[in-house]
Structure formats: structure tokens, C-alpha cells
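Engineer: This is final-v6.csv (CSV, C-alpha atoms).
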```csv
chain,number,residue,atom,x,y,z
A,1,MET,CA,-122.4,97.8,111.8
A,2,GLY,CA,-123.6,94.3,110.9
A,3,VAL,CA,-127.2,93.1,110.8
A,4,SER,CA,-128.3,91.6,114.2
A,5,ALA,CA,-129.4,88.0,114.6
A,6,GLN,CA,-132.9,89.1,115.5
A,7,THR,CA,-133.2,91.2,112.3
A,8,TRP,CA,-132.1,88.0,110.4
A,9,LEU,CA,-134.8,86.1,112.2
A,10,VAL,CA,-137.5,88.6,111.2
A,11,ALA,CA,-136.2,88.6,107.6
A,12,TYR,CA,-136.3,84.8,107.5
A,13,GLY,CA,-139.8,84.7,108.9
A,14,ALA,CA,-141.0,87.4,106.4
A,15,ALA,CA,-139.4,85.5,103.5
A,16,LEU,CA,-141.1,82.3,104.4
A,17,VAL,CA,-144.5,84.0,104.6
A,18,ALA,CA,-143.9,85.7,101.3
A,19,VAL,CA,-143.0,82.4,99.6
A,20,THR,CA,-146.3,80.8,100.5
A,21,PHE,CA,-148.1,83.6,98.6
A,22,ILE,CA,-146.3,82.8,95.3
A,23,HIS,CA,-148.0,80.2,93.2
A,24,GLN,CA,-146.1,80.4,89.9
A,25,PRO,CA,-143.4,77.7,89.6
A,26,THR,CA,-141.2,79.9,87.3
A,27,ALA,CA,-141.2,82.7,90.0
A,28,LEU,CA,-140.3,80.1,92.7
A,29,ALA,CA,-137.5,78.6,90.5
A,30,ALA,CA,-136.1,82.1,89.9
A,31,LEU,CA,-136.2,82.9,93.7
A,32,LEU,CA,-134.6,79.5,94.5
A,33,ALA,CA,-131.8,80.2,92.0
A,34,LEU,CA,-131.3,83.7,93.4
A,35,THR,CA,-131.2,82.4,97.0
A,36,VAL,CA,-128.7,79.6,96.1
A,37,ALA,CA,-126.5,82.2,94.4
A,38,ALA,CA,-126.7,84.6,97.3
A,39,ALA,CA,-125.8,81.8,99.9
A,40,GLY,CA,-122.1,82.2,98.9
A,41,PRO,CA,-119.4,79.5,99.1
A,42,GLN,CA,-121.5,77.2,101.3
A,43,ARG,CA,-124.4,77.1,98.7
A,44,TRP,CA,-123.7,73.5,97.4
A,45,ARG,CA,-123.3,72.0,100.8
A,46,LEU,CA,-126.6,73.7,101.9
A,47,LEU,CA,-128.3,72.6,98.7
A,48,LYS,CA,-127.2,69.0,99.2
A,49,LYS,CA,-128.4,69.1,102.9
A,50,THR,CA,-131.7,70.6,101.7
A,51,LEU,CA,-132.2,67.9,99.1
A,52,LEU,CA,-131.5,65.1,101.5
A,53,ALA,CA,-133.8,66.6,104.1
A,54,VAL,CA,-136.8,67.0,101.8
A,55,LEU,CA,-136.2,64.0,99.6
A,56,ALA,CA,-138.2,61.3,101.4
A,57,PHE,CA,-141.2,63.4,102.2
A,58,SER,CA,-141.4,65.3,98.9
A,59,LEU,CA,-141.0,62.0,96.9
A,60,MET,CA,-143.8,60.4,98.9
A,61,VAL,CA,-146.2,63.3,98.3
A,62,SER,CA,-145.2,63.6,94.6
A,63,VAL,CA,-145.5,59.9,93.8
A,64,GLY,CA,-148.8,59.8,95.8
A,65,TYR,CA,-150.1,62.8,93.9
A,66,VAL,CA,-149.2,61.3,90.5
A,67,ILE,CA,-150.9,58.0,91.4
A,68,VAL,CA,-154.1,59.6,92.8
A,69,SER,CA,-154.3,62.1,89.8
A,70,LEU,CA,-153.9,59.4,87.2
A,71,TRP,CA,-156.5,57.3,88.9
A,72,ARG,CA,-158.9,60.3,88.9
A,73,GLY,CA,-157.9,61.1,85.3
A,74,HIS,CA,-156.5,64.6,85.8
A,75,LEU,CA,-152.8,65.3,86.4
A,76,ASP,CA,-151.4,68.8,86.7
A,77,PRO,CA,-147.6,68.7,86.4
A,78,ASP,CA,-147.5,72.4,87.5
A,79,TYR,CA,-148.5,71.3,90.9
A,80,LEU,CA,-145.5,69.0,91.2
A,81,LEU,CA,-143.2,71.8,90.3
A,82,LEU,CA,-144.9,74.3,92.5
A,83,ALA,CA,-145.0,72.0,95.6
A,84,ASN,CA,-141.4,70.8,95.2
A,85,LEU,CA,-139.9,74.1,94.4
A,86,ARG,CA,-141.7,75.8,97.3
A,87,VAL,CA,-140.6,73.1,99.8
A,88,LEU,CA,-137.0,73.2,98.5
A,89,LEU,CA,-136.8,77.0,98.8
A,90,MET,CA,-138.3,77.2,102.3
A,91,VAL,CA,-136.1,74.5,103.7
A,92,PHE,CA,-133.0,76.0,102.0
A,93,LEU,CA,-133.8,79.4,103.5
A,94,GLY,CA,-134.0,77.7,106.9
A,95,PHE,CA,-130.6,76.0,106.5
A,96,TRP,CA,-129.0,79.2,105.2
A,97,PHE,CA,-130.4,81.1,108.2
A,98,VAL,CA,-129.0,78.6,110.6
A,99,ALA,CA,-125.6,78.5,108.8
A,100,ARG,CA,-125.4,82.3,108.9
A,101,VAL,CA,-126.9,83.3,112.2
A,102,ASP,CA,-126.4,82.1,115.8
A,103,VAL,CA,-129.9,80.8,116.6
A,104,LEU,CA,-129.4,81.3,120.4
A,105,ALA,CA,-128.5,85.0,119.7
A,106,ALA,CA,-131.6,85.3,117.6
A,107,LEU,CA,-133.7,84.1,120.6
A,108,ALA,CA,-132.2,86.9,122.8
A,109,GLY,CA,-135.7,88.6,123.0
A,110,TRP,CA,-137.0,85.5,124.9
A,111,PRO,CA,-134.6,84.8,127.8
A,112,THR,CA,-136.4,81.8,129.2
A,113,LEU,CA,-136.7,80.2,125.8
A,114,ARG,CA,-133.0,80.9,125.2
A,115,LEU,CA,-132.1,79.3,128.6
A,116,VAL,CA,-134.0,76.1,127.9
A,117,ALA,CA,-132.8,76.1,124.2
A,118,THR,CA,-129.2,76.4,125.4
A,119,LEU,CA,-129.6,73.5,127.8
A,120,ALA,CA,-131.5,71.3,125.3
A,121,LEU,CA,-128.9,71.9,122.6
A,122,GLY,CA,-126.2,70.9,125.2
A,123,GLN,CA,-128.2,67.8,126.0
A,124,ILE,CA,-128.5,66.9,122.3
A,125,ARG,CA,-124.7,67.1,122.0
A,126,THR,CA,-124.3,65.0,125.2
A,127,PHE,CA,-126.7,62.4,123.8
A,128,GLU,CA,-124.8,62.2,120.5
A,129,ARG,CA,-121.5,61.8,122.4
A,130,ILE,CA,-122.7,59.1,124.8
A,131,VAL,CA,-124.4,57.1,122.0
A,132,ALA,CA,-121.2,57.1,120.0
A,133,ASP,CA,-119.1,56.1,123.0
A,134,PHE,CA,-121.4,53.2,123.8
A,135,ARG,CA,-121.5,52.0,120.2
A,136,LEU,CA,-117.7,52.0,119.9
A,137,ALA,CA,-117.2,50.4,123.3
A,138,PHE,CA,-119.7,47.7,122.5
A,139,GLU,CA,-118.2,47.0,119.1
A,140,SER,CA,-114.7,46.8,120.6
A,141,ARG,CA,-115.8,44.1,123.1
A,142,ASN,CA,-117.4,41.9,120.4
A,143,ILE,CA,-115.5,40.4,117.5
A,144,ALA,CA,-118.6,38.8,116.0
A,145,ARG,CA,-122.1,40.3,115.9
A,146,PRO,CA,-123.5,39.7,119.5
A,147,HIS,CA,-126.7,37.8,120.3
A,148,LEU,CA,-130.0,39.7,120.4
A,149,THR,CA,-130.1,39.3,124.2
A,150,ALA,CA,-126.7,40.9,124.6
A,151,ARG,CA,-127.7,43.8,122.3
A,152,ALA,CA,-130.9,44.3,124.3
A,153,ARG,CA,-128.9,44.4,127.6
A,154,ASN,CA,-126.5,46.8,126.1
A,155,ALA,CA,-129.3,49.1,124.8
A,156,ALA,CA,-131.0,49.1,128.3
A,157,ALA,CA,-127.7,49.9,130.0
A,158,GLN,CA,-127.0,52.6,127.4
A,159,GLY,CA,-130.5,54.1,127.9
A,160,ILE,CA,-130.0,54.4,131.7
A,161,ALA,CA,-126.5,55.8,131.3
A,162,LEU,CA,-127.8,58.2,128.7
A,163,MET,CA,-130.4,59.7,131.0
A,164,ASP,CA,-128.2,59.7,134.2
A,165,LYS,CA,-125.2,61.4,132.4
A,166,SER,CA,-127.5,63.8,130.6
A,167,VAL,CA,-129.2,64.9,133.8
A,168,ALA,CA,-125.8,65.2,135.5
A,169,SER,CA,-124.4,67.3,132.7
A,170,ALA,CA,-127.5,69.5,132.5
A,171,THR,CA,-127.3,70.0,136.3
A,172,GLU,CA,-123.8,71.2,136.0
A,173,SER,CA,-124.8,73.6,133.2
A,174,THR,CA,-127.8,74.8,135.2
A,175,LEU,CA,-125.7,75.5,138.3
A,176,ALA,CA,-123.2,77.4,136.2
A,177,MET,CA,-125.9,79.4,134.7
A,178,LYS,CA,-127.5,80.0,138.1
A,179,SER,CA,-124.3,81.3,139.5
A,180,ARG,CA,-124.2,83.8,136.6
A,181,GLY,CA,-127.7,85.0,137.3
A,182,ALA,CA,-129.7,83.1,134.7
A,183,PHE,CA,-132.5,82.4,137.2
A,184,ASP,CA,-132.7,85.9,138.6
A,185,ALA,CA,-136.0,87.6,138.0
B,1,MET,CA,-146.3,63.4,112.0
B,2,HIS,CA,-144.5,66.7,111.4
B,3,ILE,CA,-146.0,68.9,108.7
B,4,PRO,CA,-143.2,70.4,106.7
B,5,ASP,CA,-143.0,73.9,105.4
B,6,GLY,CA,-144.7,74.5,102.1
B,7,PHE,CA,-147.8,72.3,102.6
B,8,LEU,CA,-150.0,74.5,104.7
B,9,SER,CA,-151.8,77.5,103.2
B,10,PRO,CA,-151.5,81.0,104.8
B,11,GLN,CA,-155.2,80.7,105.5
B,12,THR,CA,-154.2,77.9,107.9
B,13,TYR,CA,-150.9,78.8,109.4
B,14,LEU,CA,-151.6,82.5,110.0
B,15,PRO,CA,-154.7,81.9,112.2
B,16,ALA,CA,-152.8,79.0,113.8
B,17,TYR,CA,-150.0,81.3,114.8
B,18,ALA,CA,-152.6,83.6,116.5
B,19,VAL,CA,-154.0,80.6,118.4
B,20,ALA,CA,-150.5,79.3,119.3
B,21,ALA,CA,-149.3,82.7,120.4
B,22,GLY,CA,-152.2,82.7,123.0
B,23,ALA,CA,-151.4,79.2,124.0
B,24,TRP,CA,-147.6,79.9,124.3
B,25,THR,CA,-148.4,83.0,126.5
B,26,TRP,CA,-150.7,80.9,128.7
B,27,ALA,CA,-148.0,78.2,129.0
B,28,ALA,CA,-145.2,80.6,129.7
B,29,ARG,CA,-147.0,82.3,132.5
B,30,GLY,CA,-145.3,81.5,135.8
B,31,LEU,CA,-142.7,79.4,134.0
B,32,ARG,CA,-139.8,81.0,135.8
B,33,GLU,CA,-141.3,80.0,139.1
B,34,ARG,CA,-141.8,76.4,137.9
B,35,LEU,CA,-138.1,76.1,136.8
B,36,ASP,CA,-135.3,75.7,139.3
B,37,GLU,CA,-131.9,74.0,139.3
B,38,THR,CA,-133.6,70.6,140.0
B,39,THR,CA,-136.3,70.7,137.3
B,40,VAL,CA,-134.4,72.5,134.5
B,41,PRO,CA,-131.9,69.6,134.0
B,42,ARG,CA,-134.7,67.0,133.9
B,43,LEU,CA,-136.7,69.1,131.5
B,44,ALA,CA,-133.7,69.7,129.3
B,45,MET,CA,-132.9,65.9,129.3
B,46,LEU,CA,-136.5,64.9,128.4
B,47,THR,CA,-136.6,67.7,125.8
B,48,ALA,CA,-133.5,66.3,124.2
B,49,LEU,CA,-135.0,62.8,124.3
B,50,ALA,CA,-138.2,64.0,122.6
B,51,TYR,CA,-136.0,65.8,120.0
B,52,GLY,CA,-134.1,62.5,119.3
B,53,LEU,CA,-137.3,60.4,119.1
B,54,GLY,CA,-138.9,62.8,116.7
B,55,LEU,CA,-136.1,62.5,114.3
B,56,VAL,CA,-136.4,58.8,113.8
B,57,MET,CA,-139.3,59.1,111.3
B,58,VAL,CA,-140.8,57.0,108.5
B,59,PRO,CA,-142.4,58.8,105.6
B,60,LEU,CA,-146.1,57.9,105.3
B,61,PRO,CA,-147.6,57.8,101.7
B,62,GLY,CA,-150.6,60.2,101.7
B,63,GLY,CA,-149.7,61.6,105.1
B,64,THR,CA,-146.6,63.2,106.5
B,65,SER,CA,-144.3,60.9,108.6
B,66,GLY,CA,-144.6,58.5,111.5
B,67,HIS,CA,-142.5,58.8,114.6
B,68,ALA,CA,-142.6,58.7,118.4
B,69,LEU,CA,-143.2,62.0,120.3
B,70,GLY,CA,-142.0,61.8,123.9
B,71,VAL,CA,-144.6,64.5,124.7
B,72,ALA,CA,-146.4,62.2,127.1
B,73,LEU,CA,-143.3,61.9,129.3
B,74,LEU,CA,-142.9,65.7,129.4
B,75,ALA,CA,-146.6,66.2,130.2
B,76,LEU,CA,-146.8,63.5,132.9
B,77,ILE,CA,-143.7,64.7,134.7
B,78,PHE,CA,-143.8,68.5,134.2
B,79,GLY,CA,-147.5,69.2,133.3
B,80,VAL,CA,-149.1,70.3,130.1
B,81,ARG,CA,-147.9,73.9,130.1
B,82,SER,CA,-144.2,73.1,130.4
B,83,ALA,CA,-144.6,70.1,128.0
B,84,PHE,CA,-146.2,72.3,125.4
B,85,LEU,CA,-143.4,74.9,125.6
B,86,ALA,CA,-140.7,72.2,125.6
B,87,TYR,CA,-142.2,70.4,122.7
B,88,SER,CA,-142.6,73.7,120.7
B,89,LEU,CA,-138.8,74.2,121.3
B,90,VAL,CA,-138.2,70.6,120.1
B,91,LEU,CA,-140.1,71.3,116.9
B,92,LEU,CA,-138.3,74.6,116.4
B,93,LEU,CA,-134.9,73.0,116.7
B,94,GLN,CA,-135.8,70.0,114.5
B,95,SER,CA,-137.1,72.4,111.9
B,96,LEU,CA,-134.0,74.6,111.9
B,97,LEU,CA,-131.3,72.0,112.3
B,98,PHE,CA,-132.8,69.1,110.3
B,99,GLY,CA,-135.5,70.6,108.1
B,100,ALA,CA,-138.0,68.3,109.8
B,101,GLY,CA,-141.2,70.1,110.2
B,102,GLY,CA,-141.1,73.8,109.5
B,103,ILE,CA,-141.5,77.4,110.7
B,104,THR,CA,-144.8,78.1,108.9
B,105,ALA,CA,-146.1,74.7,110.1
B,106,LEU,CA,-144.7,75.2,113.7
B,107,PRO,CA,-148.0,76.4,115.3
B,108,VAL,CA,-150.1,73.5,113.9
B,109,ASN,CA,-147.4,71.0,114.8
B,110,ALA,CA,-147.0,72.5,118.3
B,111,LEU,CA,-150.7,72.7,119.0
B,112,ALA,CA,-151.3,69.2,117.7
B,113,MET,CA,-148.4,67.4,119.2
B,114,GLY,CA,-147.4,69.6,122.2
B,115,LEU,CA,-150.8,70.8,123.4
B,116,VAL,CA,-153.3,68.2,122.3
B,117,GLY,CA,-150.8,65.4,122.9
B,118,GLY,CA,-149.9,66.8,126.3
B,119,PHE,CA,-153.6,67.3,127.4
B,120,ALA,CA,-154.5,63.8,126.1
B,121,ALA,CA,-151.7,62.2,128.1
B,122,VAL,CA,-152.5,64.0,131.4
B,123,THR,CA,-156.3,63.4,131.0
B,124,ALA,CA,-155.9,59.7,130.1
B,125,LYS,CA,-153.4,59.2,133.0
B,126,ARG,CA,-155.8,60.8,135.5
B,127,LEU,CA,-158.7,58.7,134.3
B,128,LEU,CA,-156.9,55.4,134.2
B,129,THR,CA,-154.7,55.7,137.3
B,130,PRO,CA,-157.4,54.2,139.6
B,131,ILE,CA,-157.3,51.1,137.5
B,132,ASN,CA,-153.6,50.6,137.2
B,133,GLU,CA,-150.7,53.0,137.1
B,134,THR,CA,-148.6,51.3,134.4
B,135,ALA,CA,-151.7,50.9,132.2
B,136,ALA,CA,-152.5,54.5,132.8
B,137,VAL,CA,-149.0,55.7,131.7
B,138,ALA,CA,-149.2,53.4,128.6
B,139,GLY,CA,-152.7,54.5,127.7
B,140,ALA,CA,-151.7,58.2,128.2
B,141,ALA,CA,-148.7,57.7,125.9
B,142,TRP,CA,-150.7,55.9,123.2
B,143,LEU,CA,-153.4,58.6,123.2
B,144,SER,CA,-150.8,61.3,123.1
B,145,VAL,CA,-149.7,60.0,119.7
B,146,VAL,CA,-153.1,59.0,118.2
B,147,LEU,CA,-155.0,62.3,119.0
B,148,PRO,CA,-152.4,64.6,117.5
B,149,GLY,CA,-152.4,62.2,114.5
B,150,VAL,CA,-156.1,63.0,114.1
B,151,VAL,CA,-155.5,66.7,114.3
B,152,VAL,CA,-152.6,66.7,111.8
B,153,ALA,CA,-154.7,64.5,109.4
B,154,LEU,CA,-157.6,66.9,109.6
B,155,VAL,CA,-155.5,70.0,109.0
B,156,LEU,CA,-153.7,68.4,106.1
B,157,GLY,CA,-156.9,67.0,104.6
B,158,ILE,CA,-158.7,70.3,104.5
B,159,GLN,CA,-155.9,72.0,102.5
B,160,PRO,CA,-157.2,71.1,99.0
B,161,ALA,CA,-160.6,72.5,99.9
B,162,ILE,CA,-159.3,75.9,101.3
B,163,ALA,CA,-156.4,76.6,98.9
B,164,HIS,CA,-156.8,75.6,95.2
B,165,LYS,CA,-156.7,77.0,91.7
B,166,PRO,CA,-160.0,77.8,89.9
B,167,ASP,CA,-159.9,74.4,88.2
B,168,GLY,CA,-159.6,72.7,91.6
B,169,THR,CA,-155.8,71.9,91.4
B,170,PRO,CA,-154.4,72.1,95.0
B,171,LEU,CA,-151.9,74.8,95.9
B,172,PHE,CA,-150.6,73.2,99.0
B,173,PHE,CA,-151.1,69.7,100.4
B,174,PRO,CA,-152.8,67.7,97.7
B,175,PHE,CA,-154.8,65.0,99.5
B,176,GLY,CA,-158.2,65.3,101.1
B,177,LEU,CA,-159.5,63.8,104.3
B,178,GLU,CA,-160.4,60.5,102.7
B,179,ILE,CA,-156.7,59.9,102.2
B,180,THR,CA,-155.0,61.8,105.1
B,181,LEU,CA,-157.1,60.3,107.9
B,182,PRO,CA,-156.3,56.6,107.2
B,183,ALA,CA,-152.7,57.5,106.0
B,184,VAL,CA,-151.8,59.3,109.2
B,185,LEU,CA,-154.0,57.6,111.7
B,186,LEU,CA,-153.5,53.9,111.0
B,187,PRO,CA,-149.7,53.8,111.3
B,188,HIS,CA,-149.9,56.0,114.5
B,189,LEU,CA,-152.2,53.4,116.1
B,190,LEU,CA,-149.1,51.1,116.0
B,191,ILE,CA,-146.5,53.8,116.7
B,192,GLY,CA,-148.5,54.6,119.8
B,193,ILE,CA,-147.8,51.1,121.1
B,194,GLY,CA,-144.0,51.7,120.8
B,195,GLU,CA,-144.5,55.1,122.4
B,196,ALA,CA,-146.4,53.5,125.3
B,197,VAL,CA,-143.6,50.9,125.9
B,198,LEU,CA,-140.9,53.6,125.8
B,199,THR,CA,-142.9,56.0,128.1
B,200,VAL,CA,-143.5,53.2,130.7
B,201,LEU,CA,-139.7,52.5,130.8
B,202,VAL,CA,-138.7,56.1,131.2
B,203,TRP,CA,-141.6,56.7,133.7
B,204,ARG,CA,-140.1,53.8,135.8
B,205,TYR,CA,-136.7,55.4,135.5
B,206,ALA,CA,-138.2,58.8,136.7
B,207,ARG,CA,-139.9,56.9,139.6
B,208,SER,CA,-136.7,55.2,140.6
B,209,ARG,CA,-135.0,58.7,140.7
B,210,LYS,CA,-138.0,60.1,142.7
B,211,TRP,CA,-138.9,62.7,140.1
B,212,VAL,CA,-142.5,61.7,140.3
```
So that I can check it, write out the structure of this file as C-alpha cells.
Structural biologist:
Amino acid sequence: MGVSAQTWLVAYGAALVAVTFIHQPTALAALLALTVAAAGPQRWRLLKKTLLAVLAFSLMVSVGYVIVSLWRGHLDPDYLLLANLRVLLMVFLGFWFVARVDVLAALAGWPTLRLVATLALGQIRTFERIVADFRLAFESRNIARPHLTARARNAAAQGIALMDKSVASATESTLAMKSRGAFDA
Amino acid sequence: MHIPDGFLSPQTYLPAYAVAAGAWTWAARGLRERLDETTVPRLAMLTALAYGLGLVMVPLPGGTSGHALGVALLALIFGVRSAFLAYSLVLLLQSLLFGAGGITALPVNALAMGLVGGFAAVTAKRLLTPINETAAVAGAAWLSVVLPGVVVALVLGIQPAIAHKPDGTPLFFPFGLEITLPAVLLPHLLIGIGEAVLTVLVWRYARSRKWV
């Protein structure tokens, strides 16, 4: 019998809390190496995704810390290692959890949250599809880069279509869910 | 404005989870009665919009990141309780799918952006509506960005004081209030203007569809 999605959720939460109680960079580095190794064949894809997700923010904090520390005359390189390894490990754990577990199944204990999450995720996909459709259609109608006014008009039309289509699609999903008893007490 | 995982001490996020759990329970009470086949699609659409807005973020040196929220729209159309829940869901999804924000930071982010932002929007709208409705919506949206910015800056800025090594080296977020307050707040004074414009446009859309 496999481990349930909710058990993975609890394990993920516990791991995150535990990581925030570790303040030795070497221990965090070892845990990160262990976690990356345990992630299986998708480890490099997940690591790349993690690095891209944390890069901008971690870089800002690290550079800011170096500047402020040098200005104050006391720089602790251990802090840079500690903060960056911790952030990397925690975000990697999150991406690994999502890659391994169906998030909606993990929310099974909270039916209302799962209902809204299902619809919101559906809307996010709808948004992505509509934005891509509009961009391609707009590009296909214009050989040269259009004037700012035309782009603004397109953006406005896209915004309204986005909301109308999104509500229509969510209504469809809601009615389907209602017919299956999702709104029953 | 999202605080990512790894920058808040357990002394901060564990009590914050206790407070947020109470707030989530309060917000969820009667939710089933408030949701039906008309309101759910609208809530889902605006939740997805808030999700998209929150992902267009600019890193702020000495702070976290700057971005629009969309929480004012949720609060003005559905009320603070539903907005708080919906925005908490937005933060959860952004954190899991994009690594924006975090699970340990979720209660602070949710309380700041979802609850304080939602309350700020509804209160400002109520106070300003007698003067002019458009100005009230714009003011509500602006405040819904600026006040959470203050909360986030305060929470980040106290980290070096509450979690550090014996020699004073920080263990979590490294900058004090003298850096976080201006770093987070000043850009959000401007971001609030963008949020206000966007909120007024979507508010007019909602009016034209007779949602409000």
C-alpha cells in the first residue's frame, strides 16, 4: 500500500519546520545533497527549477547583506551559506512534493478548500490558454510591431475576454460539480 | 511582498500559524452558505487573477519583492472573510507551484496581504464612498497594498533581533527595520497606484456585469 497524499503533506510540513531549526551550513548542505539524491530521475529538472525560483530574491538578499556588512565592518560568510542553503533546500522540498504528490488529493481533508482550489487551478489554465491565443492572434494580424494605441486596445479587449471566458468556464465547471453533489452539505 | 521560506524564524511563523488558524476558522465559518453556482465562478476567476498578478514581481533590495495583489477586488466584491481565504489559497498555490512565498511564511503572508489588505480595502471604501465611488475604490486598492507592506516590513525587520547567534549574526532575514521599512514601503507606494488603476478597471467590469 502506497503512502497517501495527506501523509506526504504532513511529512513535507514537518521537514520544513525541522529545517528552520538547523543553523549549521554543513548540515544543511548534507541534507540538500541527500534530498536531491532521493528525488530520483527528476532531480536535475527540480534543482534547475529551484535555482531559477530563488535566484533573484536570494541574490538580492545576499548582495544586500554583503554591502551592509562591509559598510558596518563585520561580514560573516557563514550567514550567506546558511541562508542560501536553507532557502534552496526548502524550495526544493516544495517542488519535489508537488512533483510527487497530487496537491488536490492532499487537500482532501478540507473539501471547500479543495473545491475552490480545483476551480482556481482550472481558471489559471484558462487564463494561460486565452493569453497565448490572444498573443498569437495579435501577432498574426500585424507584420510590423503595432502602434502603442493598437497594443493598448488589444490589451483592453484581451482583459475583458479573459474575464468573460474565465467566468463562463468556471460556471461550467461549477454546474458540473454541483450536479455531482459538490455543494451538498 | 511575499516573504519566502527560510527567512522567518520559528519564533515568528509558529505563533503566526496559531493566529492564522484562528483567522482561517473565522473566515471559513458559513463559507458554504456564501458560495453558490453564481458566486463560485466569480470568486475562482478573481482568485486566478490575483494569482497571476502576484507572480509579476520585482525583487526589492533589502526587502522582499514588489507586486500587485488583487486582494482589494476580492474583498470589495466578496467581503473580507472570503477574500482572506481566497488569497490564502493564492499564496499556497504560488508557493507550491512557483516557489514564490513559502509554506512557513504562509501565515504571515496571508495575514498581511489577505486579512490586513482585505480589511484596509473594505474600510477605506466605506469611508471614501460618500465622497466619490471611483476614488473610494482606488483609495481602497492603494491602501490594500501599502498597509500589508508595512506589516511585512515590520515582521522582516524584527528577525535579526529575535533570531541571531551570540555574536549578533542573524540566523534568518538579515536586515533590521531601518532597512526593511523604506525598502518595502517606498516601492509599494508606487505599486499601490498601479493596483488602484487596475482595481478601478475590474470594478467597472464587475459593475457592468451587475456583480456589485
Engineer: Give me, please, the distance in Å between CA of Leu82 (chain A) and CA of Val63 (chain A), quoted to one decimal.
Structural biologist: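 Going from CA of Leu82 (chain A) over to CA of Val63 (chain A) covers 14.5 Å.
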Engineer: Tell me as an NGL selection string which residues belonging to chain B come within 8 Å of chain A, counting all atoms listed in the file.
Structural biologist: :B and (4-7 or 9-10 or 32 or 36-38 or 40-42 or 44-45 or 47-49 or 51-52 or 59-65 or 89 or 95-100 or 102-104 or 169-172 or 174-175 or 205)
Engineer: Can you write just those residues out, C-alpha atoms, as a short mmCIF file (atom, residue, chain, number, x, y, z; two decimals), in the coordinates of the input?
Structural biologist:
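Written out: part.cif:
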```cif
data_model
loop_
_atom_site.label_atom_id
_atom_site.label_comp_id
_atom_site.auth_asym_id
_atom_site.auth_seq_id
_atom_site.Cartn_x
_atom_site.Cartn_y
_atom_site.Cartn_z
CA PRO B 4 -143.20 70.40 106.70
CA ASP B 5 -143.00 73.90 105.40
CA GLY B 6 -144.70 74.50 102.10
CA PHE B 7 -147.80 72.30 102.60
CA SER B 9 -151.80 77.50 103.20
CA PRO B 10 -151.50 81.00 104.80
CA ARG B 32 -139.80 81.00 135.80
CA ASP B 36 -135.30 75.70 139.30
CA GLU B 37 -131.90 74.00 139.30
CA THR B 38 -133.60 70.60 140.00
CA VAL B 40 -134.40 72.50 134.50
CA PRO B 41 -131.90 69.60 134.00
CA ARG B 42 -134.70 67.00 133.90
CA ALA B 44 -133.70 69.70 129.30
CA MET B 45 -132.90 65.90 129.30
CA THR B 47 -136.60 67.70 125.80
CA ALA B 48 -133.50 66.30 124.20
CA LEU B 49 -135.00 62.80 124.30
CA TYR B 51 -136.00 65.80 120.00
CA GLY B 52 -134.10 62.50 119.30
CA PRO B 59 -142.40 58.80 105.60
CA LEU B 60 -146.10 57.90 105.30
CA PRO B 61 -147.60 57.80 101.70
CA GLY B 62 -150.60 60.20 101.70
CA GLY B 63 -149.70 61.60 105.10
CA THR B 64 -146.60 63.20 106.50
CA SER B 65 -144.30 60.90 108.60
CA LEU B 89 -138.80 74.20 121.30
CA SER B 95 -137.10 72.40 111.90
CA LEU B 96 -134.00 74.60 111.90
CA LEU B 97 -131.30 72.00 112.30
CA PHE B 98 -132.80 69.10 110.30
CA GLY B 99 -135.50 70.60 108.10
CA ALA B 100 -138.00 68.30 109.80
CA GLY B 102 -141.10 73.80 109.50
CA ILE B 103 -141.50 77.40 110.70
CA THR B 104 -144.80 78.10 108.90
CA THR B 169 -155.80 71.90 91.40
CA PRO B 170 -154.40 72.10 95.00
CA LEU B 171 -151.90 74.80 95.90
CA PHE B 172 -150.60 73.20 99.00
CA PRO B 174 -152.80 67.70 97.70
CA PHE B 175 -154.80 65.00 99.50
CA TYR B 205 -136.70 55.40 135.50
#
```
Engineer: May I have the residues within 10 Å of Ala112 (chain B) as a ChimeraX atom specification, using all atoms listed in the file and disregarding those fewer than 5 positions away in the same chain?
Structural biologist: /B:1-2,84,106-107,117-118,144-145,147-152,155
Engineer: Tell me which of A:Leu81, A:His147, A:Ala38, A:Phe134 sits closest to Gln24 (chain A), counting all atoms listed in the file.
Structural biologist: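 Smallest separation from Gln24 (chain A) among the options: A:Leu81.
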Engineer: If I take CA of Phe119 (chain B) and CA of Val80 (chain B), how far is one from the other in Å, to one decimal?
Structural biologist: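 Those two atoms sit 6.0 Å apart.
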Engineer: In Å, rounded to a single decimal, give me how far CA of Ile162 (chain B) is from CA of Gly176 (chain B).
Structural biologist: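 CA of Gly176 (chain B) sits 10.7 Å away from CA of Ile162 (chain B).
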Engineer: Could you check which of B:Leu177, B:Ala141, B:Leu111, B:Ala27 is closest to Gly194 (chain B), using all atoms listed in the file?
Structural biologist: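 Closest to Gly194 (chain B) of all the choices is B:Ala141.
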Engineer: Please, could N, CA and C atoms be added to region 40-51 of chain A and the result written as a compact mmCIF listing (two decimals), in the coordinates of the input?
Structural biologist:
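rebuild-v5.txt written:
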```
# COMPACT_ATOMS: atom_id res chain seq x y z
N GLY A 40 -123.58 82.14 98.88
CA GLY A 40 -122.10 82.20 98.90
C GLY A 40 -121.45 80.84 98.80
N PRO A 41 -120.21 80.72 99.30
CA PRO A 41 -119.40 79.50 99.10
C PRO A 41 -120.06 78.23 99.64
N GLN A 42 -120.93 78.39 100.65
CA GLN A 42 -121.50 77.20 101.30
C GLN A 42 -122.76 76.70 100.51
N ARG A 43 -123.09 77.34 99.35
CA ARG A 43 -124.40 77.10 98.70
C ARG A 43 -124.55 75.58 98.33
N TRP A 44 -123.50 74.91 97.84
CA TRP A 44 -123.70 73.50 97.40
C TRP A 44 -123.87 72.57 98.56
N ARG A 45 -123.14 72.86 99.64
CA ARG A 45 -123.30 72.00 100.80
C ARG A 45 -124.73 72.21 101.38
N LEU A 46 -125.21 73.45 101.39
CA LEU A 46 -126.60 73.70 101.90
C LEU A 46 -127.63 73.09 100.97
N LEU A 47 -127.37 73.16 99.67
CA LEU A 47 -128.30 72.60 98.70
C LEU A 47 -128.42 71.08 98.86
N LYS A 48 -127.24 70.47 99.04
CA LYS A 48 -127.20 69.00 99.20
C LYS A 48 -127.96 68.62 100.50
N LYS A 49 -127.69 69.38 101.58
CA LYS A 49 -128.40 69.10 102.90
C LYS A 49 -129.88 69.28 102.70
N THR A 50 -130.28 70.31 101.96
CA THR A 50 -131.70 70.60 101.70
C THR A 50 -132.35 69.41 100.97
N LEU A 51 -131.67 69.00 99.89
CA LEU A 51 -132.20 67.90 99.10
C LEU A 51 -132.39 66.64 99.89
```
